[in-house]
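So the structure is just underneath, and the comments pick up after that.
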Amino acid sequence: MKTRRLAMLLFAAASLAPAYYHFVHFQTRTAPYTPIYARFDLASLQNKTVPFFISETGPSQMASGDTVNSVITQIRAAAQVWNSVDTAEIKLAFGGLHTATTTMNAPWIEVEFTDELPPGVVAQGGPVTRLDPTPGAAGVYIPIAKSLLRLPRNLTSRPSFSERFFLTVVHEFGHTLGLQHTWTSSVMSTEITRSTTKAKPLGADDVAALSVLYPAPKFALQTGVITGRVTMAGAGVNLASVVALTPNGQAVSTLTNPDGTYRMEGVSAGLYFIYAHPLPPALAGEPQPVNLELPSDPTGRLLPGAAFDTLFYPGTSGPQQTVTVAAGQSTDNINFNVTRRAAVNLHSVQTYSYVGQEPIKPASFVLGKQRDTLVLTGYGATAAVPGFDISLASAPETLAVRNYVQGYLAVDVSLSPVSSDGQRHMIFNYAGETYVLPSALVMTQKNPPSIQGVQPNADKTLTLNGASLSTATQVWVDGVAAKVRSAQDGQLTVALPPAAPGYRGVLAALNPDGQSSLFVHGNNSPAWTYEASELPQISISPAALPAGSETMVELTGTGTAFDQWTPSLAFGSSDITVRQVWVLSPTRAVAAVSVSPVAQLGSAYSTISYGLQVNATAAGFQVLPATRAPYLAVSQMPKSNVYPGALVTIPLVNVQQVQSAASIQATVADRPALVTGYFNGQVTMQIPTGLPLGPAVIRLTVDGVNTLPVLLQIDPPPPVILLAQSIGGVPLTSANAPRAGDTIQLVVSGLTDGTSQPDPLKIKVSSNGVDHSVQSVTANPQQQGTYIVQFSLALNSPQLSPLPLVLSVDDRTSAQLMLPFRPAGATSPDSGA
């Protein structure tokens with residue numbers, strides 16, 4: 001029986017931070033050191049998704065114009081940021097509002113508002129309940145049973161739409177998932193050195209950190225590894241930060257083990273400067289020597305090693321030699337022999353530039369200027385004294401430092417004709433000490449977007465006029481993206497998400513380069529107040545289900561447009577899961593719901609979200625006593641193509657005894673379905689041919705007992721790869737086999753349902769988890785209904801001959817095609833070798 005132990009070390013978003021790191025325990029006190037990470041158990045989560053719940057006791061005070069709904073939309077959008085990491089398998093889902101009296105058994109995250117944050121702390125987050133070390137498929141780990149994200153009840157100083165509030169919540173969600181702080185200016189850095197923005201919230205270090213804990217199969221194939229050791233006088237240095245950065249890209253980092261060894265995963269292929277630096281000291285009042293939950297072993301916490309001079313590989317004080325990293329490979333023996341110093345004095349610098357009177361962090365410059373100025377401050381960087389120097393890591397720009405106001409420095413940056421967009425990393429030197437600030441400066445092609453005018457239209461859309469607005473711009477109303485209906489340079493027409501009459505939503509334009517209109521307008525950003533209209537109403541039926549069941553519920557709306565804005569449904573408990581919502585019409589939707597056998601009986605919160613509306617009812621749903629009636633557990637099905645004519649196998653739960661498949665009758669979408677087998681609690685049936693695509697209701701009768709109806713998504717048949725050919729249309733054989741990097745074509749049928757054109761962005765071609773680059777999808781003039789998919793073979797393609805190749809569209813995946821392929825070093829048949 002596993003026991004639970006409480007770990008209430010939450011992380012504050014107002015302090016210093018080291019490199020990407022996790023909550024780590026070592027089972028031994030001697031080498032080799034194998035870190036045991038605290039993380040959620042994906043196998044215990046439906047759809048590998050951990051739910052988060054927002055306390056019914058919301059903020060007591062908010063910034064002018066804010067509402068509880070606007071705060072909730074921003075929290076939900078911040079959580080969604082982590083779902084964009086496609087090399088990590090874990091996802092977050094809004095579980096609705098919840099009450100403190102609700103008991104939950106499945107893992108979960110709580111978001112609460114409190115008056116008990118320490119002075120100067122703006123938020124906290126992290127695991128609070130962890131189980132004992134547990135063996136898993138990837139080794140021993142420590143399961144997280146519950147994490148907690150704490151926000152202040154008084155939010156008057158942080159408007160919910162602001163960059164600061166949004167990035168704080170993204171940061172704290174990272175802690176709840178098992179990430180500690182970083183020193184690479186990513187979102188898991190604290191506010192002091194963070195260089196990410198609301199439009200581009202995650203850095204490469206954040207992506208790597210999450211993917212190490214919850215790796216998707218392609219993570220190890222698409223990224224490389226760097227290993228080595230940091231020593232001082234022959235002994236390993238614990239918790240030294242090792243950082244890899246490119247001259248105009250982001251940084252990735254890790255911390256060393258107690259013997260000084262390190263393993264840095266998630267490094268994209270490329271050329272890197274690599275350096276080791278000591279952790280900065282904790283600020284006054286912090287409980288640890290650094291702002292980090294220290295790793296532990298059977299004897300207790302392990303302290304950081306002594307301070308040392310920052311050192312670049314292979315032993316220089318600045319960046320001089322790069323190291324090559326290849327995807328799917330490990331670059332080893334990147335070692336550092338560092339020199340002890342008395343203390344770390346130069347650290348934690350933050351940079352600013354200005355748009356009008358609005359401070360922008362990090363400093364951002366637009367290419368095309370000859371010169372621009374940024375302002376900075378930090379420990380040891382407050383005065384331009386003799387010997388103080390700042391430079392950029394292998395960049396064409398030059399710097400001149402001067403005093404600004406007390407405690408701040410101004411840096412005049414002279415741009416070069418060869419300056420390009422991207423990150424710039426600052427290197428500070430003073431009194432023999434070196435400090436590196438990754439992503440201290442960002443170069444962009446355009447100015448940030450701005451919204452100078454808002455014009456309502458007769459069809460209830462809005463036309464926004466301004467600058468740097470394009471088809472790539474997203475427009476948010478509070479935390480929900482509007483739908484762009486048309487775009488011209490400097491003008492967008494958008495459809496607004498639904499909201500209650502009189503609702504006031506702040507408008508923000510976000511561009512892919514990381515800039516947003518918040519840079520220009522700040523707290524004076526434009527807002528739109530919704531006109532008086534009928535308030536949409538949404539009801540749930542049935543509003544009660546037994547514990548230990550899986551079925552469907554229906555959402556019925558009045559004055560809704562579900563076909564434009566899909567509603568979401570949640571029940572305030574990790575033991576009640578909404579697997580999927582399907583829209584049937586503008587006023588009707590259905591949802592697949594699972595209720596755990598151990599779900600708390602009685603009333604449960606129901607939360608229906610629709611655009612900017614959040615309708616929460618404290619007793620909107622009832623969990624009834626278990627009936628022990630049989631039910632189909634669609635949520636436990638392996639992910640597979642389900643299409644008309646396909647055989648599907650679904651677990652059948654609560655079955656006492658089934659003599660044979662003949663005692664089971666099934667219908668799919670009210671049509672008889674052939675039950676072909678039953679074995680060990682699994683029923684196999686054939687989906688009837690000719691069914692329409694979309695959700696289908698499945699009903700079973702088992703020995704005369706009817707099961708609850710369940711929903712299953714019916715998709716088109718999987719695509720079929722008919723032929724692989726050269727771009728000249730010549731079929732590929734061993735005689736003309738391609739190499740990595742070559743461009744080839746596939747002739748494919750079944751890309752669409754026949755009523756739409758294929759979307760190239762949804763088509764993926766891969767080999768053993770390595771994605772190839774799809775370039776175009778065109779209709780095949782030689783065969784109606786088929787398409788030519790042109791792509792280039794990835795440079796890091798598996799060195800296999802033949803090469804297994806699959807094509808995927810959404811969740812539909814083709815059978816493997818064994819492609820003739822020449823691995824690296826192989827010669828062509830006509831080379832004479």
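Labeling convention for the structure tokens: chains A, B, ... as they appear, residues from 1 per chain, ligands from 1 in order of appearance.
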Please tabulate, as a Markdown table, the residues of segment 492-551 of chain A that come within 10 Å of segment 184-204 of chain A, each with its closest pair of atoms and the distance in Å to one decimal, counting only C-alpha atoms and ordering rows by chain, then residue number upward.
| residue | atom | partner | partner_atom | distance |
| --- | --- | --- | --- | --- |
| A:Ala508 | CA | A:Ala199 | CA | 9.8 |
| A:Ala509 | CA | A:Ala199 | CA | 8.6 |
| A:Leu510 | CA | A:Ala199 | CA | 5.1 |
| A:Asn511 | CA | A:Ala199 | CA | 6.2 |
| A:Pro512 | CA | A:Ala199 | CA | 6.6 |
| A:Asp513 | CA | A:Lys200 | CA | 7.3 |
| A:Gly514 | CA | A:Lys200 | CA | 4.6 |
| A:Gln515 | CA | A:Ala199 | CA | 6.0 |
| A:Ser516 | CA | A:Ala199 | CA | 6.2 |
| A:Ser517 | CA | A:Ala199 | CA | 9.7 |
| A:Leu518 | CA | A:Lys198 | CA | 9.0 |
| A:Phe519 | CA | A:Thr197 | CA | 9.8 |
Using the chain letters and numbers from this document, which residues of segment 419-456 of chain A does DSSP assign to strand (DSSP E or B), as a list in words?
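For segment 419-456 of chain A, the strand (DSSP E or B) set is Gly422, Gln423, Arg424, His425, Met426, Ile427, Phe428, Asn429, Tyr430, Glu433, Thr434, Tyr435, Val436, Leu437, Pro438, Ser439, Ala440, Leu441, Val442, Met443, Thr444, Ser450, Ile451, Gln452, Gly453, Val454, Gln455 and Pro456 of chain A.
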Requested write-out: N, CA, C and O atoms of the selected residues, as a tab-separated table (two decimals), in the first residue's frame:
chain	number	residue	atom	x	y	z
A	422	GLY	N	16.24	37.83	-34.06
A	422	GLY	CA	16.56	36.75	-33.14
A	422	GLY	C	17.03	37.27	-31.79
A	422	GLY	O	16.92	38.45	-31.48
A	423	GLN	N	17.52	36.34	-30.99
A	423	GLN	CA	17.95	36.65	-29.62
A	423	GLN	C	19.39	37.16	-29.62
A	423	GLN	O	20.19	36.80	-30.47
A	424	ARG	N	19.71	37.97	-28.62
A	424	ARG	CA	21.09	38.39	-28.37
A	424	ARG	C	21.39	38.12	-26.89
A	424	ARG	O	20.57	38.42	-26.02
A	425	HIS	N	22.56	37.57	-26.63
A	425	HIS	CA	22.95	37.20	-25.27
A	425	HIS	C	24.04	38.14	-24.78
A	425	HIS	O	25.06	38.33	-25.46
A	426	MET	N	23.84	38.74	-23.62
A	426	MET	CA	24.78	39.70	-23.06
A	426	MET	C	25.78	39.02	-22.14
A	426	MET	O	25.42	38.15	-21.34
A	427	ILE	N	27.04	39.44	-22.26
A	427	ILE	CA	28.10	38.94	-21.39
A	427	ILE	C	28.64	40.13	-20.59
A	427	ILE	O	29.10	41.12	-21.16
A	428	PHE	N	28.56	40.03	-19.28
A	428	PHE	CA	29.01	41.08	-18.37
A	428	PHE	C	30.34	40.66	-17.74
A	428	PHE	O	30.50	39.50	-17.32
A	429	ASN	N	31.28	41.59	-17.67
A	429	ASN	CA	32.57	41.32	-17.02
A	429	ASN	C	32.90	42.47	-16.09
A	429	ASN	O	32.83	43.64	-16.48
A	430	TYR	N	33.26	42.11	-14.86
A	430	TYR	CA	33.71	43.13	-13.92
A	430	TYR	C	34.50	42.47	-12.80
A	430	TYR	O	34.06	41.46	-12.21
A	433	GLU	N	34.97	38.78	-12.76
A	433	GLU	CA	33.77	37.94	-12.72
A	433	GLU	C	33.00	38.08	-14.04
A	433	GLU	O	32.89	39.18	-14.60
A	434	THR	N	32.46	36.96	-14.54
A	434	THR	CA	31.70	36.93	-15.78
A	434	THR	C	30.29	36.45	-15.51
A	434	THR	O	30.08	35.49	-14.76
A	435	TYR	N	29.33	37.13	-16.13
A	435	TYR	CA	27.92	36.75	-16.02
A	435	TYR	C	27.31	36.81	-17.41
A	435	TYR	O	27.53	37.75	-18.17
A	436	VAL	N	26.50	35.79	-17.73
A	436	VAL	CA	25.85	35.72	-19.03
A	436	VAL	C	24.34	35.83	-18.83
A	436	VAL	O	23.77	35.09	-18.01
A	437	LEU	N	23.70	36.74	-19.58
A	437	LEU	CA	22.25	36.87	-19.56
A	437	LEU	C	21.71	36.45	-20.92
A	437	LEU	O	21.77	37.20	-21.89
A	438	PRO	N	21.20	35.20	-21.04
A	438	PRO	CA	20.63	34.76	-22.32
A	438	PRO	C	19.41	35.61	-22.70
A	438	PRO	O	18.66	36.08	-21.84
A	439	SER	N	19.23	35.82	-24.00
A	439	SER	CA	18.06	36.52	-24.53
A	439	SER	C	17.85	37.87	-23.87
A	439	SER	O	16.73	38.28	-23.58
A	440	ALA	N	18.97	38.59	-23.66
A	440	ALA	CA	18.87	39.91	-23.04
A	440	ALA	C	18.25	40.93	-23.98
A	440	ALA	O	17.67	41.93	-23.54
A	441	LEU	N	18.37	40.68	-25.28
A	441	LEU	CA	17.89	41.60	-26.30
A	441	LEU	C	17.27	40.79	-27.44
A	441	LEU	O	17.80	39.74	-27.80
A	442	VAL	N	16.16	41.28	-27.97
A	442	VAL	CA	15.48	40.61	-29.08
A	442	VAL	C	15.43	41.56	-30.27
A	442	VAL	O	14.97	42.71	-30.14
A	443	MET	N	15.90	41.09	-31.43
A	443	MET	CA	15.82	41.85	-32.67
A	443	MET	C	14.60	41.37	-33.47
A	443	MET	O	14.41	40.16	-33.63
A	444	THR	N	13.79	42.30	-33.96
A	444	THR	CA	12.59	41.94	-34.70
A	444	THR	C	12.56	42.65	-36.05
A	444	THR	O	13.23	43.67	-36.26
A	450	SER	N	-0.31	47.38	-32.94
A	450	SER	CA	-1.08	48.33	-32.15
A	450	SER	C	-2.51	48.36	-32.69
A	450	SER	O	-2.76	48.03	-33.85
A	451	ILE	N	-3.44	48.72	-31.83
A	451	ILE	CA	-4.86	48.85	-32.20
A	451	ILE	C	-5.24	50.31	-31.99
A	451	ILE	O	-5.39	50.76	-30.85
A	452	GLN	N	-5.36	51.04	-33.08
A	452	GLN	CA	-5.62	52.47	-32.99
A	452	GLN	C	-7.10	52.82	-33.13
A	452	GLN	O	-7.52	53.90	-32.72
A	453	GLY	N	-7.87	51.89	-33.74
A	453	GLY	CA	-9.29	52.16	-33.91
A	453	GLY	C	-10.10	50.89	-33.90
A	453	GLY	O	-9.63	49.84	-34.36
A	454	VAL	N	-11.32	50.94	-33.36
A	454	VAL	CA	-12.22	49.80	-33.29
A	454	VAL	C	-13.57	50.22	-33.85
A	454	VAL	O	-14.19	51.15	-33.33
A	455	GLN	N	-14.01	49.52	-34.91
A	455	GLN	CA	-15.25	49.88	-35.58
A	455	GLN	C	-16.22	48.70	-35.56
A	455	GLN	O	-15.93	47.64	-36.11
A	456	PRO	N	-17.40	48.84	-34.96
A	456	PRO	CA	-18.39	47.74	-34.99
A	456	PRO	C	-19.05	47.67	-36.37
A	456	PRO	O	-19.25	48.68	-37.04
- Message: Using only C-alpha atoms for the distances, tell me which of A:Ser211, A:Pro542, A:Leu346, A:Asp421 is nearest to Phe388 of chain A.
- Response: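 Selected residue with least distance to Phe388 of chain A: A:Leu346.
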